[in-house]
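Pasted below: run_37.cif, mmCIF, C-alpha atoms.
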```
data_structure
loop_
_atom_site.label_atom_id
_atom_site.label_comp_id
_atom_site.auth_asym_id
_atom_site.auth_seq_id
_atom_site.Cartn_x
_atom_site.Cartn_y
_atom_site.Cartn_z
CA MET A 1 -32.35 24.98 40.15
CA ASN A 2 -35.37 22.85 40.76
CA CYS A 3 -33.22 19.87 41.60
CA VAL A 4 -32.95 20.97 45.23
CA ASN A 5 -36.65 20.55 46.01
CA ASN A 6 -36.95 17.83 43.43
CA MET A 7 -34.57 15.31 44.94
CA PRO A 8 -35.14 11.76 43.77
CA ASN A 9 -36.51 9.33 46.34
CA SER A 10 -34.76 6.30 44.98
CA TRP A 11 -32.59 5.18 42.12
CA ILE A 12 -35.68 4.15 40.16
CA ASP A 13 -36.23 7.81 39.35
CA PHE A 14 -33.09 7.78 37.24
CA LEU A 15 -34.24 4.99 34.97
CA PRO A 16 -36.37 6.98 32.48
CA THR A 17 -33.46 9.30 31.67
CA LEU A 18 -31.05 6.38 31.36
CA LEU A 19 -33.50 4.58 29.07
CA GLN A 20 -33.53 7.60 26.77
CA GLY A 21 -29.75 7.38 26.65
CA ALA A 22 -29.86 3.64 26.06
CA GLU A 23 -31.94 4.26 22.94
CA VAL A 24 -29.19 6.48 21.48
CA THR A 25 -26.46 4.01 22.53
CA ILE A 26 -28.29 1.13 20.85
CA LYS A 27 -28.92 3.17 17.71
CA VAL A 28 -25.24 4.07 17.39
CA ALA A 29 -24.23 0.47 18.11
CA VAL A 30 -26.60 -1.00 15.49
CA PHE A 31 -25.64 1.42 12.71
CA ALA A 32 -21.94 1.27 13.56
CA GLY A 33 -22.18 -2.53 13.70
CA ILE A 34 -23.61 -2.59 10.17
CA VAL A 35 -20.83 -0.30 8.91
CA ALA A 36 -18.23 -2.41 10.74
CA VAL A 37 -19.42 -5.72 9.27
CA PHE A 38 -19.61 -4.22 5.78
CA MET A 39 -16.10 -2.74 6.06
CA SER A 40 -14.75 -5.98 7.55
CA PHE A 41 -15.87 -7.95 4.52
CA ALA A 42 -14.83 -5.27 2.04
CA ALA A 43 -11.36 -4.77 3.52
CA GLY A 44 -10.84 -8.41 4.46
CA LEU A 45 -11.69 -9.70 0.96
CA CYS A 46 -9.72 -6.91 -0.73
CA LYS A 47 -6.70 -7.90 1.31
CA LEU A 48 -6.91 -11.31 -0.43
CA SER A 49 -7.18 -9.80 -3.90
CA LYS A 50 -4.77 -10.69 -6.67
CA LEU A 51 -4.29 -7.01 -7.58
CA TRP A 52 -1.70 -5.25 -5.48
CA PRO A 53 -3.31 -1.76 -5.57
CA VAL A 54 -6.46 -3.22 -4.04
CA ARG A 55 -4.42 -4.99 -1.35
CA THR A 56 -2.42 -1.84 -0.62
CA ILE A 57 -5.46 0.39 -0.28
CA SER A 58 -7.16 -1.99 2.10
CA GLY A 59 -3.89 -2.39 4.02
CA ILE A 60 -3.57 1.38 4.45
CA TYR A 61 -7.16 1.65 5.67
CA VAL A 62 -6.62 -1.12 8.22
CA GLU A 63 -3.32 0.23 9.53
CA ILE A 64 -4.56 3.81 9.86
CA PHE A 65 -7.69 2.87 11.76
CA ARG A 66 -5.96 0.30 13.94
CA GLY A 67 -2.91 2.45 14.55
CA THR A 68 -4.66 5.54 15.90
CA SER A 69 -7.12 5.44 18.70
CA LEU A 70 -10.88 5.49 18.23
CA LEU A 71 -11.35 8.63 20.29
CA VAL A 72 -8.82 10.50 18.16
CA GLN A 73 -10.64 9.33 15.03
CA LEU A 74 -13.94 10.51 16.45
CA PHE A 75 -12.49 13.94 17.28
CA TRP A 76 -10.92 14.14 13.86
CA LEU A 77 -14.12 13.29 11.99
CA TYR A 78 -16.34 15.55 14.07
CA PHE A 79 -14.12 18.51 15.00
CA ALA A 80 -11.29 18.62 12.45
CA LEU A 81 -12.98 17.67 9.18
CA PRO A 82 -15.37 20.68 9.16
CA PHE A 83 -12.25 22.85 8.78
CA VAL A 84 -11.56 21.35 5.39
CA GLY A 85 -15.20 21.77 4.41
CA ILE A 86 -16.62 18.36 5.33
CA GLN A 87 -19.29 18.75 7.95
CA MET A 88 -21.49 15.94 9.13
CA PRO A 89 -24.16 15.49 11.78
CA MET A 90 -23.16 14.10 15.15
CA MET A 91 -24.82 10.74 14.54
CA THR A 92 -23.06 10.26 11.20
CA ALA A 93 -19.66 11.10 12.69
CA ALA A 94 -20.23 8.72 15.60
CA VAL A 95 -21.42 5.85 13.41
CA LEU A 96 -18.61 6.36 10.89
CA ALA A 97 -15.86 6.59 13.51
CA VAL A 98 -16.96 3.52 15.45
CA GLY A 99 -17.89 1.56 12.31
CA LEU A 100 -14.67 2.28 10.40
CA ASN A 101 -12.54 1.58 13.46
CA PHE A 102 -14.11 -1.79 14.18
CA GLY A 103 -14.26 -2.62 10.49
CA ALA A 104 -10.47 -2.44 10.45
CA TYR A 105 -10.27 -4.95 13.29
CA GLY A 106 -12.98 -7.13 11.73
CA SER A 107 -11.18 -7.31 8.39
CA GLU A 108 -8.56 -9.53 10.03
CA ILE A 109 -11.31 -11.90 11.19
CA VAL A 110 -12.71 -12.16 7.66
CA ARG A 111 -9.28 -12.59 6.09
CA SER A 112 -8.10 -15.30 8.45
CA SER A 113 -11.43 -17.19 8.33
CA VAL A 114 -11.42 -17.26 4.53
CA LEU A 115 -7.81 -18.46 4.52
CA ALA A 116 -8.73 -21.16 7.03
CA VAL A 117 -11.17 -22.83 4.60
CA SER A 118 -9.33 -25.83 3.27
CA LYS A 119 -7.76 -25.59 -0.14
CA GLY A 120 -9.66 -28.60 -1.42
CA GLN A 121 -12.86 -26.57 -1.22
CA TRP A 122 -11.45 -23.95 -3.60
CA GLU A 123 -10.24 -26.65 -5.95
CA ALA A 124 -13.54 -28.51 -5.85
CA ALA A 125 -15.43 -25.30 -6.67
CA LEU A 126 -13.02 -24.69 -9.53
CA ALA A 127 -13.48 -28.25 -10.78
CA LEU A 128 -17.25 -27.70 -10.82
CA ASN A 129 -16.62 -24.79 -13.19
CA MET A 130 -18.01 -22.16 -10.84
CA THR A 131 -17.28 -18.51 -11.50
CA PRO A 132 -15.07 -16.72 -8.92
CA THR A 133 -18.14 -15.03 -7.42
CA GLN A 134 -20.01 -18.33 -7.16
CA ARG A 135 -17.01 -19.95 -5.53
CA LEU A 136 -16.79 -17.23 -2.92
CA VAL A 137 -20.51 -16.83 -2.22
CA ARG A 138 -21.67 -20.44 -2.43
CA VAL A 139 -18.71 -22.44 -1.19
CA ILE A 140 -16.18 -20.39 0.74
CA LEU A 141 -18.18 -17.77 2.64
CA PRO A 142 -20.75 -20.17 4.15
CA GLN A 143 -17.89 -22.18 5.66
CA ALA A 144 -15.79 -19.19 6.64
CA GLY A 145 -18.87 -17.55 8.16
CA MET A 146 -19.14 -20.27 10.80
CA ARG A 147 -15.61 -19.54 11.92
CA MET A 148 -16.22 -15.79 11.95
CA LEU A 149 -19.22 -15.86 14.25
CA PRO A 150 -17.51 -16.23 17.67
CA PRO A 151 -14.81 -13.59 17.04
CA PHE A 152 -17.39 -11.25 15.52
CA GLY A 153 -19.48 -11.71 18.66
CA ASN A 154 -16.55 -10.54 20.78
CA LEU A 155 -15.98 -7.64 18.41
CA MET A 156 -19.61 -6.54 18.77
CA ILE A 157 -19.31 -6.51 22.58
CA GLU A 158 -16.21 -4.32 22.24
CA LEU A 159 -18.13 -2.12 19.80
CA ILE A 160 -21.03 -1.63 22.20
CA LYS A 161 -18.61 -0.71 24.98
CA SER A 162 -16.82 1.80 22.82
CA THR A 163 -20.03 3.60 21.82
CA SER A 164 -19.65 5.25 25.25
CA LEU A 165 -16.98 7.43 23.61
CA VAL A 166 -19.62 9.40 21.73
CA TYR A 167 -20.12 11.10 25.10
CA PHE A 168 -17.04 13.15 24.20
CA ILE A 169 -18.77 14.79 21.23
CA THR A 170 -21.76 15.54 23.52
CA MET A 171 -24.06 12.99 21.99
CA ALA A 172 -26.88 12.15 24.40
CA ASP A 173 -26.05 8.46 24.86
CA LEU A 174 -26.24 6.41 28.08
CA THR A 175 -22.98 7.77 29.49
CA TYR A 176 -23.87 11.37 28.63
CA GLN A 177 -27.31 11.13 30.25
CA ALA A 178 -25.79 9.60 33.36
CA MET A 179 -23.21 12.36 33.61
CA VAL A 180 -25.97 14.98 33.27
CA LEU A 181 -27.86 13.24 36.10
CA ARG A 182 -24.68 13.22 38.14
CA ASN A 183 -24.24 16.95 37.64
CA ASN A 184 -27.74 17.56 38.97
CA TYR A 185 -27.54 15.14 41.90
CA ILE A 186 -23.89 15.07 42.95
CA SER A 187 -24.59 13.20 46.19
CA TRP A 188 -26.10 10.33 44.18
CA THR A 189 -22.94 9.88 42.11
CA PRO A 190 -22.13 6.27 43.17
CA GLU A 191 -25.70 5.07 42.55
CA ILE A 192 -25.92 6.75 39.15
CA LEU A 193 -22.56 5.43 37.95
CA LEU A 194 -23.32 1.94 39.25
CA LEU A 195 -26.63 1.99 37.38
CA LEU A 196 -24.75 3.10 34.29
CA LEU A 197 -22.31 0.18 34.61
CA LEU A 198 -25.23 -2.22 35.06
CA SER A 199 -27.02 -0.83 32.00
CA TYR A 200 -24.00 -1.59 29.82
CA LEU A 201 -23.67 -5.01 31.45
CA VAL A 202 -27.29 -5.85 30.61
CA ILE A 203 -26.89 -4.76 26.98
CA SER A 204 -23.62 -6.70 26.50
CA VAL A 205 -24.91 -9.84 28.17
CA LEU A 206 -28.09 -9.79 26.07
CA VAL A 207 -26.11 -9.35 22.86
CA SER A 208 -23.62 -12.12 23.64
CA PHE A 209 -26.51 -14.40 24.57
CA GLY A 210 -28.17 -13.60 21.23
CA ILE A 211 -24.98 -14.31 19.30
CA ARG A 212 -24.53 -17.63 21.08
CA MET A 213 -28.09 -18.62 20.15
CA LEU A 214 -27.42 -17.65 16.53
CA GLU A 215 -24.26 -19.72 16.56
CA ARG A 216 -26.11 -22.74 17.90
CA LYS A 217 -28.83 -22.36 15.30
CA LEU A 218 -26.45 -21.98 12.38
CA THR A 219 -24.10 -24.76 13.40
CA ALA A 220 -26.93 -27.21 14.16
CA GLY A 221 -26.40 -30.45 12.25
CA ARG A 222 -22.87 -29.52 11.18
CA VAL A 223 -19.68 -31.05 12.37
CA MET B 1 -5.28 25.06 4.96
CA TRP B 2 -2.29 23.35 6.54
CA ASP B 3 -0.03 25.82 8.37
CA TRP B 4 3.46 24.37 8.78
CA GLN B 5 4.61 27.21 10.99
CA TYR B 6 1.78 26.50 13.41
CA VAL B 7 2.62 22.80 13.29
CA PHE B 8 6.19 23.44 14.38
CA GLU B 9 4.93 25.80 17.05
CA ILE B 10 2.71 23.21 18.73
CA LEU B 11 4.72 20.07 18.04
CA PRO B 12 7.05 20.43 21.08
CA GLU B 13 4.09 20.73 23.41
CA LEU B 14 2.41 17.68 21.92
CA VAL B 15 5.59 15.64 22.18
CA ARG B 16 5.86 16.65 25.84
CA ALA B 17 2.28 15.49 26.38
CA LEU B 18 3.20 12.22 24.72
CA LYS B 19 5.43 11.56 27.74
CA MET B 20 2.34 11.62 29.97
CA THR B 21 0.51 9.27 27.60
CA VAL B 22 3.43 6.85 27.59
CA SER B 23 3.89 6.88 31.36
CA ALA B 24 0.15 6.31 31.90
CA THR B 25 0.35 3.39 29.46
CA LEU B 26 3.36 1.82 31.16
CA CYS B 27 1.99 2.23 34.70
CA GLY B 28 -1.38 0.89 33.58
CA PHE B 29 0.34 -2.04 31.91
CA ALA B 30 2.24 -2.83 35.12
CA VAL B 31 -1.06 -2.87 37.04
CA ALA B 32 -2.60 -5.07 34.35
CA CYS B 33 0.31 -7.55 34.39
CA VAL B 34 0.10 -8.05 38.13
CA GLY B 35 -3.71 -7.96 38.27
CA GLY B 36 -3.99 -10.35 35.34
CA LEU B 37 -1.71 -12.89 36.97
CA LEU B 38 -3.65 -12.67 40.25
CA LEU B 39 -6.94 -13.14 38.40
CA ALA B 40 -5.54 -16.06 36.41
CA ALA B 41 -4.35 -17.69 39.62
CA ALA B 42 -7.73 -17.04 41.30
CA VAL B 43 -9.60 -18.67 38.42
CA ARG B 44 -7.47 -21.80 38.91
CA SER B 45 -7.83 -21.75 42.69
CA ARG B 46 -8.91 -24.76 44.77
CA TYR B 47 -11.56 -22.68 46.50
CA MET B 48 -14.81 -22.46 44.64
CA PHE B 49 -15.68 -19.10 46.16
CA LEU B 50 -12.48 -17.54 44.87
CA ARG B 51 -12.99 -19.08 41.42
CA LEU B 52 -16.55 -17.79 41.15
CA ALA B 53 -15.60 -14.34 42.47
CA ALA B 54 -12.75 -14.00 39.97
CA LYS B 55 -14.99 -15.08 37.10
CA ALA B 56 -17.69 -12.61 38.16
CA VAL B 57 -15.17 -9.76 38.36
CA ILE B 58 -13.77 -10.63 34.94
CA GLY B 59 -17.24 -10.84 33.39
CA PHE B 60 -18.34 -7.55 34.91
CA ILE B 61 -15.26 -5.60 33.90
CA ARG B 62 -15.14 -7.03 30.40
CA ASN B 63 -18.76 -6.21 29.69
CA THR B 64 -18.69 -2.57 30.75
CA PRO B 65 -16.88 0.34 29.10
CA LEU B 66 -13.51 1.54 30.36
CA LEU B 67 -14.76 5.13 30.27
CA VAL B 68 -17.53 4.40 32.76
CA GLN B 69 -15.21 2.39 35.01
CA VAL B 70 -12.80 5.30 35.13
CA PHE B 71 -15.67 7.68 35.93
CA PHE B 72 -16.72 5.37 38.72
CA LEU B 73 -13.23 5.22 40.21
CA TYR B 74 -12.66 8.94 39.96
CA TYR B 75 -16.05 10.32 40.99
CA SER B 76 -17.58 7.63 43.20
CA LEU B 77 -14.73 6.58 45.45
CA PRO B 78 -14.46 10.04 47.08
CA VAL B 79 -18.18 9.89 47.91
CA LEU B 80 -18.27 6.22 48.93
CA ALA B 81 -15.08 5.73 50.88
CA ASP B 82 -13.76 9.23 51.39
CA ILE B 83 -10.67 8.37 49.36
CA LYS B 84 -9.50 11.14 47.11
CA ILE B 85 -7.35 9.88 44.27
CA SER B 86 -5.60 11.87 41.60
CA ALA B 87 -6.65 11.67 37.97
CA PHE B 88 -3.43 9.85 37.17
CA ALA B 89 -3.97 7.22 39.89
CA ALA B 90 -7.61 6.69 38.89
CA GLY B 91 -6.54 6.51 35.26
CA ILE B 92 -3.86 3.86 35.64
CA ILE B 93 -5.94 1.81 38.09
CA GLY B 94 -8.92 1.92 35.73
CA LEU B 95 -6.87 1.15 32.63
CA GLY B 96 -4.88 -1.52 34.48
CA LEU B 97 -7.93 -3.24 35.98
CA HIS B 98 -9.76 -3.25 32.67
CA TYR B 99 -6.90 -4.90 30.82
CA SER B 100 -5.98 -7.23 33.68
CA THR B 101 -9.15 -9.16 32.78
CA TYR B 102 -7.90 -9.52 29.20
CA LEU B 103 -4.38 -10.41 30.32
CA SER B 104 -5.73 -13.04 32.72
CA GLU B 105 -6.99 -14.91 29.65
CA VAL B 106 -3.56 -14.61 28.07
CA TYR B 107 -1.87 -15.95 31.21
CA ARG B 108 -4.42 -18.76 31.31
CA SER B 109 -3.51 -19.86 27.78
CA GLY B 110 0.18 -19.75 28.70
CA ILE B 111 -0.30 -21.72 31.89
CA GLU B 112 -2.48 -24.35 30.24
CA ALA B 113 0.17 -24.87 27.58
CA VAL B 114 2.65 -26.07 30.22
CA PRO B 115 2.60 -29.88 30.00
CA LYS B 116 0.97 -31.70 32.89
CA GLY B 117 4.15 -33.67 33.48
CA GLN B 118 5.85 -30.50 34.66
CA TRP B 119 3.34 -30.11 37.48
CA GLU B 120 3.67 -33.76 38.38
CA ALA B 121 7.47 -33.56 38.35
CA ALA B 122 7.31 -30.58 40.70
CA THR B 123 5.04 -32.54 43.03
CA ALA B 124 7.33 -35.56 42.83
CA LEU B 125 10.26 -33.36 43.82
CA ASN B 126 8.24 -32.15 46.79
CA PHE B 127 8.31 -28.52 45.64
CA SER B 128 6.12 -26.11 47.54
CA LYS B 129 3.25 -24.49 45.69
CA TRP B 130 5.08 -21.16 45.52
CA ARG B 131 8.25 -22.80 44.23
CA THR B 132 6.33 -24.78 41.62
CA TRP B 133 4.81 -21.60 40.24
CA ARG B 134 8.00 -19.56 40.42
CA ASN B 135 10.57 -22.06 39.23
CA ILE B 136 8.63 -24.47 37.04
CA VAL B 137 5.38 -23.12 35.67
CA LEU B 138 5.89 -19.39 35.07
CA PRO B 139 9.32 -19.66 33.39
CA GLN B 140 7.68 -21.93 30.82
CA ALA B 141 4.31 -20.19 30.60
CA LEU B 142 5.53 -16.60 30.16
CA PRO B 143 7.91 -16.54 27.14
CA PRO B 144 5.34 -17.80 24.59
CA ILE B 145 2.80 -15.15 25.60
CA ILE B 146 5.17 -12.17 25.36
CA PRO B 147 4.02 -11.17 21.83
CA VAL B 148 0.36 -11.23 22.90
CA MET B 149 1.22 -9.10 25.92
CA GLY B 150 2.99 -6.73 23.53
CA ASN B 151 -0.18 -6.42 21.49
CA TYR B 152 -2.16 -5.54 24.60
CA LEU B 153 0.44 -2.93 25.52
CA ILE B 154 -0.21 -1.28 22.13
CA VAL B 155 -3.98 -1.51 22.65
CA MET B 156 -3.64 0.15 26.06
CA PHE B 157 -1.51 2.92 24.56
CA LYS B 158 -4.35 3.70 22.17
CA GLU B 159 -6.94 3.69 24.96
CA THR B 160 -5.21 6.41 27.02
CA PRO B 161 -7.12 9.30 25.35
CA ILE B 162 -10.16 8.04 27.29
CA LEU B 163 -8.41 9.20 30.46
CA SER B 164 -8.75 12.80 29.25
CA ALA B 165 -12.35 12.53 30.48
CA ILE B 166 -11.11 12.68 34.08
CA THR B 167 -8.84 15.66 33.29
CA LEU B 168 -5.64 13.67 32.85
CA VAL B 169 -3.65 15.99 30.58
CA GLU B 170 -2.36 13.54 27.99
CA LEU B 171 -1.94 13.93 24.25
CA LEU B 172 -5.55 14.42 23.22
CA LEU B 173 -6.46 16.81 26.03
CA THR B 174 -3.34 18.86 25.28
CA ALA B 175 -4.47 19.11 21.67
CA LYS B 176 -7.95 20.07 22.84
CA ASN B 177 -6.48 22.86 24.98
CA LEU B 178 -4.41 24.07 22.04
CA VAL B 179 -7.57 24.14 19.94
CA SER B 180 -9.42 26.27 22.46
CA ASP B 181 -6.44 28.66 22.65
CA THR B 182 -5.91 29.20 18.96
CA TYR B 183 -9.16 28.09 17.28
CA ARG B 184 -7.12 26.12 14.78
CA VAL B 185 -8.57 22.64 14.85
CA PHE B 186 -7.23 20.70 11.92
CA GLU B 187 -3.52 20.61 12.72
CA PRO B 188 -3.62 19.62 16.42
CA TYR B 189 -6.02 16.68 15.99
CA THR B 190 -4.29 15.47 12.84
CA LEU B 191 -0.92 15.62 14.60
CA VAL B 192 -2.31 13.60 17.50
CA GLY B 193 -3.41 10.92 15.05
CA ILE B 194 -0.01 10.94 13.35
CA LEU B 195 1.83 10.71 16.67
CA PHE B 196 -0.27 7.71 17.73
CA LEU B 197 0.35 6.03 14.40
CA ALA B 198 4.06 6.85 14.54
CA ILE B 199 4.41 4.88 17.75
CA SER B 200 1.87 2.10 17.46
CA TYR B 201 2.58 1.05 13.88
CA PRO B 202 6.33 0.39 14.34
CA ALA B 203 5.52 -1.22 17.69
CA SER B 204 3.06 -3.61 16.05
CA LEU B 205 5.65 -4.50 13.39
CA LEU B 206 8.09 -5.25 16.19
CA VAL B 207 5.57 -7.51 17.90
CA GLN B 208 4.94 -9.31 14.59
CA ARG B 209 8.66 -9.97 14.22
CA LEU B 210 8.86 -11.19 17.77
CA GLU B 211 5.95 -13.53 17.07
CA LYS B 212 7.70 -14.98 14.03
CA ARG B 213 10.91 -15.50 15.98
CA MET B 214 9.11 -17.23 18.83
CA ASN B 215 7.58 -19.68 16.39
CA LEU B 216 11.00 -20.86 15.28
CA PRO B 217 12.20 -24.06 16.91
CA ARG B 218 14.40 -23.70 19.95
CA GLY B 219 18.08 -23.08 19.36
CA LEU B 220 17.73 -21.11 16.13
#
```

Take the structure in this file and express it as structure tokens.
Amino acid sequence: MNCVNNMPNSWIDFLPTLLQGAEVTIKVAVFAGIVAVFMSFAAGLCKLSKLWPVRTISGIYVEIFRGTSLLVQLFWLYFALPFVGIQMPMMTAAVLAVGLNFGAYGSEIVRSSVLAVSKGQWEAALALNMTPTQRLVRVILPQAGMRMLPPFGNLMIELIKSTSLVYFITMADLTYQAMVLRNNYISWTPEILLLLLLSYLVISVLVSFGIRMLERKLTAGRV
Amino acid sequence: MWDWQYVFEILPELVRALKMTVSATLCGFAVACVGGLLLAAAVRSRYMFLRLAAKAVIGFIRNTPLLVQVFFLYYSLPVLADIKISAFAAGIIGLGLHYSTYLSEVYRSGIEAVPKGQWEAATALNFSKWRTWRNIVLPQALPPIIPVMGNYLIVMFKETPILSAITLVELLLTAKNLVSDTYRVFEPYTLVGILFLAISYPASLLVQRLEKRMNLPRGL
């Protein structure tokens, strides 16, 4: 191996490889985040539906994805499903597993925030002769959305952290790249793993800072 | 597609592996309960240094993935400090430390809910600090947070498959080994999912019931 005469001089030499991994981690996190938010609203609003089949279906989705662990879901989507004829690329499996899992958790945020909007708002919208869609989109969701922002921020941090699990299906994310580096330079293990921890810390802190800014901007001028 | 005979063949082995998963969960939870209480106490400490240190530790652990923390414990400690720890020890310490930061928040909410008069009464009775915590504050702070702790126990149970990365042979790794022995993939992984669901769903219903009962007024 060329790693013997190609020993790194300092930890800076590890950064380019880690950056490559960070790109994959961020990609998975962004796509999975979109899936998670979409599923949160879909399942959360369906749970409030008047029709019981709709409520039941969304309930089953939520319980299955919250009741089994994310890593098991990832293995199932990527390794088990091909045996019943459904094969998907690594990226799709990763995004679906993380997105569907966090969507199940997010649906509770949506449901409870919508329920927390005071009843008078529903009645006022009804009195103004708005259609059900108008009521939801123009009156309820803008108010519920304010409440959802902080818990969704926490959920996104958890989501970013859990993208590290795609390492298990050999996707070249941050964790995977770091473990490859570790294999090549065993004596640098502590430095590499510490850098890896710091990389995740930087990403999470930046994201939570961004969400706090968004919150401040959206709640400006409101009580 | 679905081979029942194979299912019954591997089920005993998976159930045996479930024991490992459960014991890792319980040991990790014990670590988290103690660690969380210590962190919660440190955050409330008189000494600014201790407060800041506890907050920094909590922030760092909460913003990095459990998987990487476990890797760090298992692979770095032998190099750094010449301590060799088993996969099980690294696993429960990692899992426990990670969730102790979450539990410290839970403890905090419980402690803050104890009325201020209780602290003042303890001072008026000339109780020592230790006695105040043990006899006055904790007995009132702990019962209301039991359901939340129960929820975290379930969350930790579902996080144990991560420990398979450091060769802890729990449920998922057992299934993975079965897969590489027999090349049948669908049944083992599906069974793992079903086993997780079979434990965590009833457990979450139990916690919900507990929550409802705790919300009833005293004496009912």

Query raised in the report: Mind telling me what the PyMOL selection byres ((chain B and resi 86-93) around 10) catches here, as a count of residues only?
Result: 40

Expand the PyMOL selection byres ((chain B) within 8 of (chain A)) into the explicit residue set it covers here, and present it as a ChimeraX atom specification. /B:1,60,63-69,71-72,75-77,79-80,158-159,161-162,165,172,185-186,189-190,192-194,196-197,200-201

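Pairwise distance (atom CA of A:Gly44, atom CA of A:Ile140) equals 13.6 Å.
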
Which residues are close to A:Leu174, i.e. within 6 Å by only C-alpha atoms, leaving aside same-chain residues fewer than 3 positions away? Reply as a ChimeraX atom specification. /A:18,21-22,177

### Query
Which residues come within 9 Å of A:Phe102, counting all atoms listed in the file, excluding same-chain residues fewer than 2 positions away, as a list of chain:residue names?
A:Ala32, A:Gly33, A:Val35, A:Ala36, A:Val37, A:Met39, A:Ser40, A:Phe65, A:Arg66, A:Leu70, A:Ala97, A:Val98, A:Gly99, A:Leu100, A:Ala104, A:Tyr105, A:Gly106, A:Ser107, A:Leu155, A:Met156, A:Glu158, A:Leu159

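Note that the spacing between atom CA of A:Tyr185 and atom CA of A:Thr25 amounts to 22.4 Å.
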
>> Would you compute the distance between atom CA of B:Glu13 and atom CA of B:Pro188? Give it in Å to one decimal.
In response: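 Answer for the atom CA of B:Glu13 to atom CA of B:Pro188 separation: 10.5 Å.
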
Using all atoms of stretch 63-79 of chain A listed in the file and a margin of 4 Å per side, can you give the axis-aligned box centre and edge lengths in Å to one decimal, as JSON?
```
{"center_x": -9.6, "center_y": 9.4, "center_z": 14.9, "size_x": 21.4, "size_y": 26.3, "size_z": 18.8}
```

| task | Name every residue that the PyMOL selection byres ((chain B and resi 43) around 10) selects in this structure, writing the answer as a ChimeraX atom specification with chains first and numbers rising. | result | /B:37-42,44-55,58,104-105,108

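The residues that lie within 7 Å of the point (-14.6, -23.7, 6.2), counting all atoms listed in the file, are Ala116, Val117, Ser118, Ile140, Gln143 and Ala144 of chain A.
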
Distance criterion (all atoms listed in the file): nearest to A:Val30 out of A:Met91, A:Val137, A:Met213, A:Arg55:
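Result for the nearest residue to A:Val30: A:Met91.
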